[in-house]
file work_29.txt (compact mmCIF, C-alpha atoms and all ligand atoms)
# COMPACT_ATOMS: atom_id res chain seq x y z
CA MET C 3 89.90 88.96 70.65
CA THR C 4 92.57 86.73 69.12
CA GLU C 5 91.14 83.33 68.15
CA HIS C 6 93.40 80.35 68.50
CA LYS C 7 93.10 76.66 67.79
CA ILE C 8 92.52 74.13 70.57
CA ILE C 9 95.80 72.38 71.13
CA ASN C 10 96.24 68.87 72.46
CA GLY C 11 99.35 67.70 74.26
CA PHE C 12 100.64 71.24 74.90
CA SER C 13 102.18 70.20 78.23
CA LYS C 14 104.38 67.67 76.36
CA PHE C 15 106.07 70.43 74.34
CA ASP C 16 109.39 71.65 75.66
CA ARG C 17 109.69 75.26 76.80
CA THR C 18 110.94 76.55 73.43
CA GLN C 19 108.17 74.76 71.53
CA LYS C 20 105.59 76.29 73.85
CA ILE C 21 106.98 79.77 73.29
CA GLN C 22 107.10 79.24 69.51
CA TRP C 23 103.48 78.08 69.57
CA LEU C 24 102.49 81.26 71.42
CA ILE C 25 104.45 83.44 69.00
CA GLU C 26 102.66 81.84 66.04
CA GLN C 27 99.20 81.89 67.60
CA PHE C 28 99.33 85.48 68.76
CA HIS C 29 101.58 86.85 65.99
CA LEU C 30 104.03 87.98 68.65
CA ASP C 31 107.33 89.61 67.94
CA ALA C 32 110.12 87.12 67.10
CA GLU C 33 112.01 88.76 69.98
CA THR C 34 109.52 87.25 72.42
CA GLN C 35 111.69 84.17 72.88
CA ALA C 36 114.71 86.29 73.86
CA PHE C 37 112.48 88.52 75.98
CA LEU C 38 111.15 85.56 77.96
CA ASP C 39 114.65 84.06 78.17
CA SER C 40 115.93 87.28 79.72
CA PHE C 41 113.75 86.69 82.79
CA GLN C 42 115.08 83.16 83.30
CA LEU C 43 117.68 82.73 86.04
CA THR C 44 121.28 82.07 85.05
CA ASN C 45 121.64 79.69 87.98
CA GLN C 46 120.37 76.47 86.39
CA GLN C 47 119.71 74.70 89.65
CA TRP C 48 117.44 77.43 91.00
CA GLN C 49 115.80 77.92 87.63
CA ALA C 50 114.85 74.24 87.63
CA VAL C 51 113.33 74.59 91.11
CA ILE C 52 111.24 77.59 90.04
CA ALA C 53 110.19 75.98 86.75
CA ASP C 54 109.04 72.84 88.56
CA LEU C 55 106.63 74.81 90.75
CA SER C 56 104.17 75.02 87.88
CA GLU C 57 103.16 73.33 84.65
CA ASN C 58 103.86 75.03 81.30
CA GLN C 59 106.45 77.43 82.71
CA LEU C 60 107.70 79.85 80.05
CA SER C 61 109.63 82.35 82.13
CA ASN C 62 109.71 83.93 85.58
CA PHE C 63 107.39 86.73 86.62
CA HIS C 64 109.36 89.09 88.85
CA LEU C 65 108.07 90.94 91.88
CA PRO C 66 110.20 92.91 94.32
CA PHE C 67 111.61 90.99 97.27
CA SER C 68 111.75 93.62 100.04
CA VAL C 69 112.25 93.87 103.77
CA ALA C 70 110.70 96.00 106.51
CA PRO C 71 112.97 96.26 109.56
CA ASN C 72 112.23 97.24 113.19
CA PHE C 73 109.35 94.93 114.00
CA LEU C 74 109.38 94.40 117.74
CA VAL C 75 107.30 91.28 118.39
CA ASP C 76 107.00 89.84 121.90
CA GLY C 77 110.16 91.68 122.89
CA GLN C 78 112.28 90.43 119.95
CA THR C 79 113.24 92.56 116.96
CA GLN C 80 112.43 91.09 113.57
CA VAL C 81 112.95 92.02 109.96
CA PHE C 82 109.97 91.04 107.79
CA PRO C 83 110.72 89.80 104.25
CA LEU C 84 107.93 90.89 101.90
CA VAL C 85 106.81 90.24 98.33
CA THR C 86 104.17 92.53 96.88
CA GLU C 87 103.33 94.39 93.70
CA GLU C 88 101.70 97.29 95.57
CA SER C 89 104.24 100.07 95.98
CA SER C 90 103.01 101.57 99.27
CA VAL C 91 102.77 98.32 101.24
CA VAL C 92 106.39 97.91 102.37
CA ALA C 93 106.73 101.60 103.25
CA ALA C 94 103.50 101.39 105.29
CA LEU C 95 104.74 98.31 107.16
CA ALA C 96 108.16 99.80 107.86
CA LYS C 97 106.54 102.98 109.18
CA ALA C 98 104.18 101.08 111.48
CA ALA C 99 107.05 98.89 112.73
CA GLY C 100 109.18 101.92 113.63
CA PHE C 101 106.25 103.69 115.29
CA TRP C 102 105.29 100.75 117.52
CA ALA C 103 108.88 99.69 118.31
CA LYS C 104 109.07 102.94 120.32
CA ARG C 105 105.84 102.11 122.16
CA GLY C 106 106.39 98.57 123.40
CA GLY C 107 105.99 96.76 120.10
CA PHE C 108 103.52 94.07 119.08
CA LYS C 109 102.37 91.29 121.41
CA SER C 110 100.92 87.94 120.41
CA GLU C 111 98.89 85.09 121.84
CA ILE C 112 98.26 81.79 120.04
CA ILE C 113 94.65 80.77 120.69
CA GLY C 114 94.77 77.38 118.96
CA THR C 115 96.52 75.41 116.22
CA GLN C 116 93.95 72.79 115.19
CA LYS C 117 93.13 72.32 111.55
CA LYS C 118 90.12 70.67 109.94
CA GLY C 119 89.24 68.28 107.17
CA GLN C 120 86.10 66.54 106.02
CA LEU C 121 85.05 63.26 104.47
CA HIS C 122 81.77 63.83 102.63
CA PHE C 123 79.78 60.67 101.91
CA SER C 124 76.32 59.35 101.28
CA TRP C 125 74.93 56.15 102.72
CA ASN C 126 71.53 54.66 102.19
CA GLY C 127 70.93 53.01 105.57
CA GLN C 128 69.30 53.47 108.96
CA PRO C 129 71.04 56.50 110.52
CA GLN C 130 70.78 55.01 114.01
CA LYS C 131 72.84 51.98 112.90
CA LEU C 132 75.68 54.25 111.85
CA ARG C 133 75.31 56.31 115.02
CA LYS C 134 75.42 53.14 117.17
CA ALA C 135 78.38 51.63 115.32
CA PHE C 136 80.32 54.90 115.26
CA PRO C 137 82.45 54.44 118.43
CA GLU C 138 83.71 51.16 116.91
CA ILE C 139 84.07 52.67 113.44
CA LYS C 140 86.19 55.44 114.95
CA GLN C 141 88.63 52.85 116.31
CA LYS C 142 88.77 51.24 112.85
CA LEU C 143 89.43 54.63 111.22
CA LEU C 144 92.26 55.45 113.62
CA LYS C 145 93.81 51.96 113.34
CA GLU C 146 93.73 51.88 109.55
CA ALA C 147 95.20 55.40 109.34
CA GLU C 148 98.08 54.48 111.68
CA PRO C 149 100.70 54.05 108.91
CA LEU C 150 99.92 57.65 107.93
CA THR C 151 99.72 59.14 111.41
CA GLN C 152 102.69 57.44 113.12
CA ASN C 153 105.30 60.01 112.09
CA MET C 154 103.07 62.99 112.81
CA GLU C 155 102.30 61.55 116.26
CA LYS C 156 106.04 61.27 116.98
CA ARG C 157 106.26 65.01 116.29
CA GLY C 158 103.40 65.71 118.73
CA GLY C 159 100.63 65.94 116.12
CA GLY C 160 97.99 63.67 114.64
CA ILE C 161 94.23 63.24 114.60
CA ARG C 162 92.56 65.06 117.51
CA ALA C 163 88.83 64.39 117.00
CA ILE C 164 86.44 62.72 114.57
CA GLU C 165 82.83 63.82 114.58
CA LEU C 166 80.03 62.19 112.60
CA LYS C 167 77.52 64.70 111.23
CA GLU C 168 74.17 63.75 109.70
CA LEU C 169 73.10 66.42 107.26
CA PRO C 170 69.90 65.35 105.43
CA GLU C 171 68.95 69.04 105.22
CA ILE C 172 71.79 69.49 102.69
CA LEU C 173 71.23 66.28 100.68
CA PRO C 174 69.32 63.03 101.26
CA ASN C 175 71.54 60.36 102.92
CA TYR C 176 74.40 62.83 103.24
CA TYR C 177 76.93 62.55 106.09
CA GLN C 178 80.23 64.07 107.05
CA LEU C 179 83.20 63.08 109.10
CA ASP C 180 84.43 66.35 110.50
CA VAL C 181 88.02 65.75 111.59
CA ALA C 182 90.36 67.89 113.70
CA PHE C 183 94.12 67.61 113.11
CA GLU C 184 97.30 68.90 114.70
CA THR C 185 100.04 69.21 112.09
CA CYS C 186 102.80 70.92 114.17
CA ASP C 187 105.19 72.89 111.97
CA ALA C 188 103.76 71.65 108.66
CA MET C 189 100.87 73.24 106.76
CA GLY C 190 99.74 69.63 106.72
CA ALA C 191 97.67 69.60 103.54
CA ASN C 192 99.11 66.29 102.30
CA PHE C 193 98.87 64.66 105.71
CA ILE C 194 95.25 65.74 106.22
CA ASN C 195 94.12 64.77 102.72
CA SER C 196 95.84 61.36 102.89
CA CYS C 197 94.20 60.61 106.26
CA LEU C 198 90.79 61.66 104.93
CA GLU C 199 91.12 59.51 101.80
CA GLN C 200 92.07 56.55 103.99
CA PHE C 201 88.98 57.27 106.15
CA GLY C 202 86.94 57.07 102.94
CA ARG C 203 88.30 53.57 102.23
CA SER C 204 87.69 52.48 105.83
CA MET C 205 84.11 53.79 105.81
CA LYS C 206 83.40 51.97 102.54
CA ASP C 207 84.85 48.81 104.00
CA TRP C 208 82.58 49.12 107.06
CA ALA C 209 79.48 49.59 104.90
CA ASP C 210 80.43 46.64 102.67
CA THR C 211 81.08 44.19 105.50
CA ALA C 212 79.24 45.19 108.72
CA PRO C 213 77.02 42.21 109.75
CA GLU C 214 74.32 44.47 111.24
CA LEU C 215 73.56 45.98 107.81
CA LEU C 216 70.80 44.69 105.54
CA PRO C 217 71.84 43.94 101.93
CA GLU C 218 70.17 47.19 100.77
CA GLU C 219 72.16 49.15 103.35
CA GLN C 220 75.50 47.95 102.07
CA GLY C 221 77.68 50.19 99.96
CA LEU C 222 78.64 53.77 100.75
CA GLU C 223 79.60 56.47 98.31
CA VAL C 224 82.50 58.77 99.11
CA ILE C 225 81.65 62.15 97.57
CA MET C 226 84.97 63.80 98.43
CA ALA C 227 87.72 63.96 101.03
CA ILE C 228 89.50 67.27 101.54
CA LEU C 229 90.95 69.59 104.17
CA SER C 230 89.01 72.71 105.04
CA ASN C 231 90.60 76.12 104.75
CA TYR C 232 88.16 77.32 107.40
CA VAL C 233 90.39 77.12 110.46
CA PRO C 234 88.77 79.08 113.32
CA ASP C 235 90.52 76.78 115.83
CA SER C 236 93.95 77.72 114.48
CA ARG C 237 93.90 81.31 115.60
CA VAL C 238 96.20 84.05 116.78
CA ARG C 239 95.61 87.38 118.50
CA VAL C 240 98.10 90.23 118.13
CA TRP C 241 97.84 93.70 119.58
CA VAL C 242 99.55 96.99 120.35
CA GLU C 243 98.80 99.22 123.29
CA CYS C 244 100.11 102.52 124.65
CA PRO C 245 98.97 105.52 126.65
CA VAL C 246 96.86 107.71 124.36
CA GLU C 247 99.29 110.63 124.95
CA GLU C 248 102.04 108.72 123.19
CA LEU C 249 100.15 108.68 119.90
CA ALA C 250 100.97 112.30 119.04
CA ASP C 251 103.03 115.22 120.28
CA GLU C 252 100.13 117.22 121.72
CA ARG C 253 97.78 115.65 124.30
CA GLU C 254 94.65 117.09 122.64
CA GLU C 255 95.80 116.01 119.22
CA ALA C 256 96.59 112.50 120.53
CA TYR C 257 93.09 112.06 121.98
CA ALA C 258 91.38 113.41 118.87
CA PHE C 259 93.42 111.06 116.71
CA ALA C 260 92.81 108.01 118.95
CA GLU C 261 89.08 108.62 119.02
CA LYS C 262 88.86 109.11 115.27
CA PHE C 263 90.92 105.94 114.72
CA VAL C 264 88.60 103.96 117.02
CA ARG C 265 85.58 105.28 115.14
CA ALA C 266 87.09 104.31 111.78
CA VAL C 267 87.74 100.76 113.01
CA ARG C 268 84.20 100.56 114.41
CA ILE C 269 82.74 101.59 111.04
CA ALA C 270 84.65 98.69 109.44
CA ARG C 271 83.17 96.26 112.02
CA GLU C 272 79.63 97.32 111.17
CA ASP C 273 79.58 98.35 107.51
CA VAL C 274 80.23 95.69 104.87
CA SER C 275 81.48 97.99 102.13
CA ARG C 276 84.04 99.51 104.44
CA ALA C 277 84.87 96.14 106.07
CA VAL C 278 85.99 94.63 102.75
CA THR C 279 88.43 97.46 102.02
CA HIS C 280 89.60 97.57 105.63
CA ASN C 281 90.37 93.83 105.54
CA LYS C 282 92.02 94.21 102.14
CA GLY C 283 94.43 96.58 103.87
CA ILE C 284 95.12 93.89 106.49
CA PHE C 285 95.89 91.37 103.75
CA ASN C 286 98.29 93.80 102.09
CA GLY C 287 100.65 92.92 104.95
CA ILE C 288 99.71 89.28 105.52
CA ASP C 289 99.89 88.26 101.86
CA ALA C 290 103.24 89.99 101.34
CA LEU C 291 104.81 88.02 104.19
CA ALA C 292 102.97 84.83 103.19
CA MET C 293 104.30 85.16 99.62
CA ALA C 294 107.86 85.80 100.82
CA THR C 295 107.77 82.68 103.01
CA GLY C 296 106.19 80.49 100.31
CA ASN C 297 102.84 80.12 102.09
CA ASP C 298 99.48 79.75 100.35
CA PHE C 299 97.92 83.19 100.67
CA ARG C 300 94.67 82.12 98.96
CA ALA C 301 94.08 79.54 101.70
CA ILE C 302 94.84 82.16 104.37
CA GLU C 303 92.50 84.69 102.78
CA ALA C 304 89.63 82.25 102.19
CA GLY C 305 89.73 81.11 105.83
CA ALA C 306 90.01 84.59 107.27
CA HIS C 307 87.25 86.07 105.09
CA ALA C 308 84.91 83.27 106.22
CA TYR C 309 85.90 84.00 109.81
CA ALA C 310 85.14 87.70 109.24
CA ALA C 311 81.61 86.64 108.29
CA GLN C 312 81.11 84.05 111.05
CA GLN C 313 78.33 86.05 112.74
CA GLY C 314 76.35 86.17 109.50
CA GLN C 315 77.70 89.59 108.53
CA TYR C 316 81.09 90.31 107.02
CA ARG C 317 83.04 92.47 109.50
CA GLY C 318 86.39 94.22 109.78
CA LEU C 319 88.88 91.90 111.46
CA THR C 320 90.57 94.44 113.75
CA GLU C 321 89.26 96.13 116.87
CA ALA C 322 90.37 99.35 118.58
CA TRP C 323 89.34 100.94 121.85
CA ILE C 324 90.43 103.37 124.53
CA ASP C 325 90.34 102.17 128.13
CA GLN C 326 91.49 104.22 131.11
CA GLY C 327 93.70 106.47 129.03
CA LYS C 328 95.19 103.59 127.06
CA PHE C 329 94.81 102.98 123.33
CA TRP C 330 94.42 99.35 122.21
CA PHE C 331 94.44 97.99 118.68
CA GLN C 332 94.17 94.27 117.94
CA LEU C 333 93.67 91.65 115.28
CA GLU C 334 92.36 88.15 115.91
CA ILE C 335 92.61 85.95 112.85
CA PRO C 336 92.62 82.27 111.86
CA LEU C 337 95.87 81.27 110.17
CA ALA C 338 97.07 77.83 109.06
CA VAL C 339 100.66 77.97 107.91
CA GLY C 340 103.64 75.71 107.55
CA VAL C 341 107.35 76.23 108.06
CA VAL C 342 108.48 72.81 106.82
CA GLY C 343 107.76 71.18 103.48
CA GLY C 344 106.07 72.74 100.48
CA VAL C 345 107.32 75.84 98.71
CA THR C 346 108.81 77.17 101.98
CA SER C 347 111.50 74.51 101.82
CA LEU C 348 111.93 74.59 98.03
CA HIS C 349 112.00 78.19 96.85
CA PRO C 350 115.48 79.66 97.45
CA LEU C 351 114.07 83.08 98.40
CA ALA C 352 111.41 81.58 100.67
CA LYS C 353 114.24 79.72 102.42
CA LEU C 354 116.14 82.98 102.80
CA SER C 355 112.98 84.65 104.15
CA MET C 356 112.70 81.97 106.81
CA GLN C 357 116.35 82.52 107.70
CA ILE C 358 115.76 86.29 108.00
CA LEU C 359 112.87 85.52 110.36
CA GLY C 360 115.17 83.29 112.45
CA ASN C 361 113.64 80.03 111.16
CA PRO C 362 110.45 80.46 113.16
CA SER C 363 108.10 77.73 114.35
CA ALA C 364 104.62 77.64 112.75
CA LYS C 365 103.24 79.41 115.85
CA GLU C 366 105.81 82.18 115.56
CA LEU C 367 105.08 82.58 111.86
CA MET C 368 101.35 82.81 112.66
CA ALA C 369 102.17 85.69 115.01
CA TYR C 370 104.40 87.44 112.44
CA LEU C 371 101.75 87.19 109.72
CA ALA C 372 99.11 88.64 112.02
CA VAL C 373 101.53 91.41 113.06
CA ALA C 374 102.09 92.25 109.38
CA GLY C 375 98.29 92.45 109.00
CA LEU C 376 97.83 94.67 112.04
CA ALA C 377 100.74 96.90 111.04
CA SER C 378 99.47 97.50 107.51
CA ASN C 379 95.96 98.14 108.84
CA TRP C 380 97.41 100.61 111.36
CA SER C 381 99.20 102.58 108.65
CA ALA C 382 96.20 102.57 106.31
CA VAL C 383 93.65 103.68 108.91
CA ARG C 384 96.07 106.20 110.38
CA ALA C 385 96.58 107.77 106.96
CA LEU C 386 92.84 107.66 106.23
CA VAL C 387 91.88 109.55 109.40
CA THR C 388 94.71 112.10 109.09
CA THR C 389 96.29 113.09 105.79
CA GLY C 390 94.19 110.85 103.54
CA ILE C 391 95.62 107.92 101.62
CA GLN C 392 96.56 109.70 98.43
CA GLN C 393 99.54 111.62 99.83
CA GLY C 394 101.58 108.42 100.42
CA HIS C 395 100.18 106.62 97.39
CA MET C 396 100.98 109.48 95.05
CA LYS C 397 104.62 109.57 96.14
CA MET C 398 104.92 105.91 95.16
CA HIS C 399 102.84 106.42 92.06
CA LEU C 400 105.21 109.21 90.97
CA SER C 401 108.22 106.88 91.37
CA ASN C 402 106.51 104.24 89.24
CA ILE C 403 105.65 106.76 86.52
CA LEU C 404 109.19 108.17 86.54
CA ASN C 405 110.65 104.67 86.22
CA SER C 406 108.48 104.00 83.19
CA PHE C 407 110.22 106.96 81.45
CA GLN C 408 113.82 105.94 82.17
CA VAL C 409 114.84 109.37 83.47
CA SER C 410 118.09 110.52 85.09
CA ASP C 411 118.51 110.82 88.86
CA GLU C 412 118.51 114.64 88.60
CA GLN C 413 115.26 114.62 86.64
CA LYS C 414 113.71 112.32 89.25
CA GLU C 415 114.75 114.62 92.05
CA SER C 416 113.39 117.74 90.37
CA ALA C 417 110.15 115.93 89.52
CA ARG C 418 109.78 114.90 93.18
CA LEU C 419 110.25 118.51 94.29
CA TYR C 420 107.86 119.82 91.66
CA PHE C 421 105.10 117.30 92.50
CA GLN C 422 105.40 117.68 96.28
CA ASP C 423 102.31 119.84 96.36
CA ARG C 424 100.83 119.09 92.94
CA GLU C 425 98.44 116.46 91.60
CA VAL C 426 100.37 113.47 90.14
CA SER C 427 99.12 111.97 86.89
CA PHE C 428 100.81 110.22 83.98
CA ALA C 429 100.00 113.13 81.64
CA GLU C 430 101.31 115.78 84.08
CA VAL C 431 104.56 113.87 84.70
CA LYS C 432 105.05 113.45 80.96
CA LYS C 433 104.49 117.18 80.41
CA PHE C 434 106.97 118.01 83.20
CA LEU C 435 109.64 115.69 81.77
CA GLU C 436 109.26 117.11 78.26
CA LYS C 437 109.99 120.55 79.69
CA HIS C 438 112.86 119.41 81.91
CA VAL C 439 115.02 117.26 79.66
C1 LIG N 1 94.98 99.92 99.69
O1 LIG N 1 95.73 98.87 99.15
C2 LIG N 1 94.44 99.55 101.06
C3 LIG N 1 93.53 100.56 101.72
O2 LIG N 1 92.43 100.87 100.87
C4 LIG N 1 93.05 99.93 102.99
C5 LIG N 1 92.01 100.72 103.73
O3 LIG N 1 91.23 101.44 103.11
O4 LIG N 1 91.96 100.56 104.98
C6 LIG N 1 94.24 101.86 101.98

call {"tool": "encode", "arguments": {"input": "work_29.txt", "output": "structure tokens"}}
result
Amino acid sequence: MTEHKIINGFSKFDRTQKIQWLIEQFHLDAETQAFLDSFQLTNQQWQAVIADLSENQLSNFHLPFSVAPNFLVDGQTQVFPLVTEESSVVAALAKAAGFWAKRGGFKSEIIGTQKKGQLHFSWNGQPQKLRKAFPEIKQKLLKEAEPLTQNMEKRGGGIRAIELKELPEILPNYYQLDVAFETCDAMGANFINSCLEQFGRSMKDWADTAPELLPEEQGLEVIMAILSNYVPDSRVRVWVECPVEELADEREEAYAFAEKFVRAVRIAREDVSRAVTHNKGIFNGIDALAMATGNDFRAIEAGAHAYAAQQGQYRGLTEAWIDQGKFWFQLEIPLAVGVVGGVTSLHPLAKLSMQILGNPSAKELMAYLAVAGLASNWSAVRALVTTGIQQGHMKMHLSNILNSFQVSDEQKESARLYFQDREVSFAEVKKFLEKHV
């Protein structure tokens, strides 16, 4: 391991100084500066936007910006912009989109759009006094948050409910305000956190001044005020359905496939080890679309994983069944996303993604994200219960290996033919290329 000195004030260095420091500390090649420069954008305006997204930016880390066409969602065709490092994801999505476009496409239903936040505080007083005063306190909270909520209310959003929770089983004297918000087309993180911090000030003010409190009951400590990424009330359901016969050319084959698919999805509902991988396949699609649209995929994942475990056991998020000769496959998932503000409005490619999607509302984007999740899960499980996953993966893997060797188009083509029915590995591809220069 390379040891390096603790450095103070690193963030004050300019970009070149930071790179020089790294070169010295890690004895990097002198070319490192030029190497990092080569990934910077030539368009200064966009480069400044990207650089400002993070502290200590040295260069840009590229990932492919791709599209998967032919998504039919609620009767409208869509092209999904996608950003992912996993080579099979876009191909899997495009394949699922094409398959389902011929069978009625994806349908969606928004179940709710409410988001949550919490004020965590401790107060050393008679709980019944707080309980009794709470209806009045609630009015105070809403009134004092008005400067923050006015604009959101004009857009149809705002604070929807405030619940006081007494939780001495977690900590002595510990309480929560559990608050429901509607944030319309915004992700709403700033709005929610500002309201909660204001609630903290208002609660403190109540405890400092309420005449019914004894001197020893005065004072309240705000522990923290923060939105929750657990958003079960901001939820969407998406599904596909078709007669079982339409799943394959032969009737018998179609039924056998449908039943095996349903069994595979059922295993993921019941078995934790399988559920985690199954859901990972769902997030292959969701994260790629979330990244392309500048949404926070960690927030989406954290909320959805908690939802997958809401019954006390972590389960697969999709369900599949056959009913009266029809095959159904659906995903119900909590999603809190924004289409205004944040990275979505800043990053030039996120803006383009939104344009490609027809500048959707937050509800529409919720549906598209869930569709991307269902589509990638469809392709993964379909491959797993038929050919196995390696066939598709290996094709992509071969491309990646070939690219790492900088070979000609003819060499690539002959390698593809050669490896059609052979095991792909780095060593085998290298051997092949040495023989076929
Ligand atoms: C690979 O990225 C995702 C899969 O493992 C998902 C699954 O097993 O369902 C193929």

call {"tool": "closest_atom_pairs", "arguments": {"input": "work_29.txt", "of": "range 190-250 of chain C", "to": "range 106-122 of chain C", "cutoff": "12 Å", "atoms": "all atoms listed in the file", "output": "JSON lines"}}
result
{"residue": "C:Gly190", "atom": "CA", "partner": "C:Lys117", "partner_atom": "CA", "distance": 8.6}
{"residue": "C:Ala191", "atom": "CA", "partner": "C:Gly119", "partner_atom": "CA", "distance": 9.3}
{"residue": "C:Asn192", "atom": "CA", "partner": "C:Gly119", "partner_atom": "CA", "distance": 11.2}
{"residue": "C:Phe193", "atom": "CA", "partner": "C:Gly119", "partner_atom": "CA", "distance": 10.4}
{"residue": "C:Ile194", "atom": "CA", "partner": "C:Gly119", "partner_atom": "CA", "distance": 6.6}
{"residue": "C:Asn195", "atom": "CA", "partner": "C:Gly119", "partner_atom": "CA", "distance": 7.5}
{"residue": "C:Ser196", "atom": "CA", "partner": "C:Gly119", "partner_atom": "CA", "distance": 10.5}
{"residue": "C:Cys197", "atom": "CA", "partner": "C:Gly119", "partner_atom": "CA", "distance": 9.2}
{"residue": "C:Leu198", "atom": "CA", "partner": "C:Leu121", "partner_atom": "CA", "distance": 6.0}
{"residue": "C:Glu199", "atom": "CA", "partner": "C:Leu121", "partner_atom": "CA", "distance": 7.6}
{"residue": "C:Gln200", "atom": "CA", "partner": "C:Leu121", "partner_atom": "CA", "distance": 9.7}
{"residue": "C:Phe201", "atom": "CA", "partner": "C:Leu121", "partner_atom": "CA", "distance": 7.4}
{"residue": "C:Gly202", "atom": "CA", "partner": "C:Leu121", "partner_atom": "CA", "distance": 6.7}
{"residue": "C:Arg203", "atom": "CA", "partner": "C:Leu121", "partner_atom": "CA", "distance": 10.5}
{"residue": "C:Ser204", "atom": "CA", "partner": "C:Leu121", "partner_atom": "CA", "distance": 11.2}
{"residue": "C:Met205", "atom": "CA", "partner": "C:Leu121", "partner_atom": "CA", "distance": 9.6}
{"residue": "C:Lys206", "atom": "CA", "partner": "C:Leu121", "partner_atom": "CA", "distance": 11.6}
{"residue": "C:Leu222", "atom": "CA", "partner": "C:His122", "partner_atom": "CA", "distance": 10.7}
{"residue": "C:Glu223", "atom": "CA", "partner": "C:His122", "partner_atom": "CA", "distance": 8.8}
{"residue": "C:Val224", "atom": "CA", "partner": "C:His122", "partner_atom": "CA", "distance": 6.2}
{"residue": "C:Ile225", "atom": "CA", "partner": "C:His122", "partner_atom": "CA", "distance": 5.3}
{"residue": "C:Met226", "atom": "CA", "partner": "C:His122", "partner_atom": "CA", "distance": 5.3}
{"residue": "C:Ala227", "atom": "CA", "partner": "C:Leu121", "partner_atom": "CA", "distance": 4.4}
{"residue": "C:Ile228", "atom": "CA", "partner": "C:Gln120", "partner_atom": "CA", "distance": 5.7}
{"residue": "C:Leu229", "atom": "CA", "partner": "C:Gly119", "partner_atom": "CA", "distance": 3.7}
{"residue": "C:Ser230", "atom": "CA", "partner": "C:Gly119", "partner_atom": "CA", "distance": 4.9}
{"residue": "C:Asn231", "atom": "CA", "partner": "C:Lys118", "partner_atom": "CA", "distance": 7.5}
{"residue": "C:Tyr232", "atom": "CA", "partner": "C:Lys118", "partner_atom": "CA", "distance": 7.4}
{"residue": "C:Val233", "atom": "CA", "partner": "C:Lys117", "partner_atom": "CA", "distance": 5.6}
{"residue": "C:Pro234", "atom": "CA", "partner": "C:Lys117", "partner_atom": "CA", "distance": 8.2}
{"residue": "C:Asp235", "atom": "CA", "partner": "C:Gln116", "partner_atom": "CA", "distance": 5.3}
{"residue": "C:Ser236", "atom": "CA", "partner": "C:Thr115", "partner_atom": "CA", "distance": 3.9}
{"residue": "C:Arg237", "atom": "CA", "partner": "C:Ile113", "partner_atom": "CA", "distance": 5.2}
{"residue": "C:Val238", "atom": "CA", "partner": "C:Ile112", "partner_atom": "CA", "distance": 4.5}
{"residue": "C:Arg239", "atom": "CA", "partner": "C:Glu111", "partner_atom": "CA", "distance": 5.2}
{"residue": "C:Val240", "atom": "CA", "partner": "C:Ser110", "partner_atom": "CA", "distance": 4.3}
{"residue": "C:Trp241", "atom": "CA", "partner": "C:Lys109", "partner_atom": "CA", "distance": 5.4}
{"residue": "C:Val242", "atom": "CA", "partner": "C:Phe108", "partner_atom": "CA", "distance": 5.1}
{"residue": "C:Glu243", "atom": "CA", "partner": "C:Gly106", "partner_atom": "CA", "distance": 7.6}
{"residue": "C:Cys244", "atom": "CA", "partner": "C:Gly106", "partner_atom": "CA", "distance": 7.5}
{"residue": "C:Pro245", "atom": "CA", "partner": "C:Gly106", "partner_atom": "CA", "distance": 10.7}
{"residue": "C:Glu248", "atom": "CA", "partner": "C:Gly106", "partner_atom": "CA", "distance": 11.0}

call {"tool": "residues_near_ligand", "arguments": {"input": "work_29.txt", "ligand": "ligand LIG 1 (chain N)", "cutoff": "6 Å", "atoms": "all atoms listed in the file", "output": "list in words"}}
result
Thr279, His280, Lys282, Gly283, Ala382 and Val383 of chain C

call {"tool": "closest_atom_pairs", "arguments": {"input": "work_29.txt", "of": "range 18-71 of chain C", "to": "range 335-358 of chain C", "cutoff": "10 Å", "atoms": "only C-alpha atoms", "output": "JSON lines"}}
result
{"residue": "C:Trp48", "atom": "CA", "partner": "C:Pro350", "partner_atom": "CA", "distance": 7.1}
{"residue": "C:Gln49", "atom": "CA", "partner": "C:His349", "partner_atom": "CA", "distance": 10.0}
{"residue": "C:Val51", "atom": "CA", "partner": "C:His349", "partner_atom": "CA", "distance": 6.9}
{"residue": "C:Ile52", "atom": "CA", "partner": "C:His349", "partner_atom": "CA", "distance": 6.9}
{"residue": "C:Leu55", "atom": "CA", "partner": "C:Val345", "partner_atom": "CA", "distance": 8.1}
{"residue": "C:Phe67", "atom": "CA", "partner": "C:Leu351", "partner_atom": "CA", "distance": 8.4}
{"residue": "C:Ser68", "atom": "CA", "partner": "C:Ser355", "partner_atom": "CA", "distance": 9.9}
{"residue": "C:Val69", "atom": "CA", "partner": "C:Ser355", "partner_atom": "CA", "distance": 9.3}

call {"tool": "write_last_selection", "arguments": {"input": "work_29.txt", "atoms": "C-alpha atoms", "output": "short mmCIF file (atom, residue, chain, number, x, y, z; two decimals), in the frame of the given file"}}
result
data_model
loop_
_atom_site.label_atom_id
_atom_site.label_comp_id
_atom_site.auth_asym_id
_atom_site.auth_seq_id
_atom_site.Cartn_x
_atom_site.Cartn_y
_atom_site.Cartn_z
CA TRP C 48 117.44 77.43 91.00
CA GLN C 49 115.80 77.92 87.63
CA VAL C 51 113.33 74.59 91.11
CA ILE C 52 111.24 77.59 90.04
CA LEU C 55 106.63 74.81 90.75
CA PHE C 67 111.61 90.99 97.27
CA SER C 68 111.75 93.62 100.04
CA VAL C 69 112.25 93.87 103.77
#

call {"tool": "closest_residue", "arguments": {"input": "work_29.txt", "among": "C:Val264, C:Val75, C:Ile139, C:Ala294", "to": "Arg105 in chain C", "atoms": "only C-alpha atoms"}}
result
C:Val75
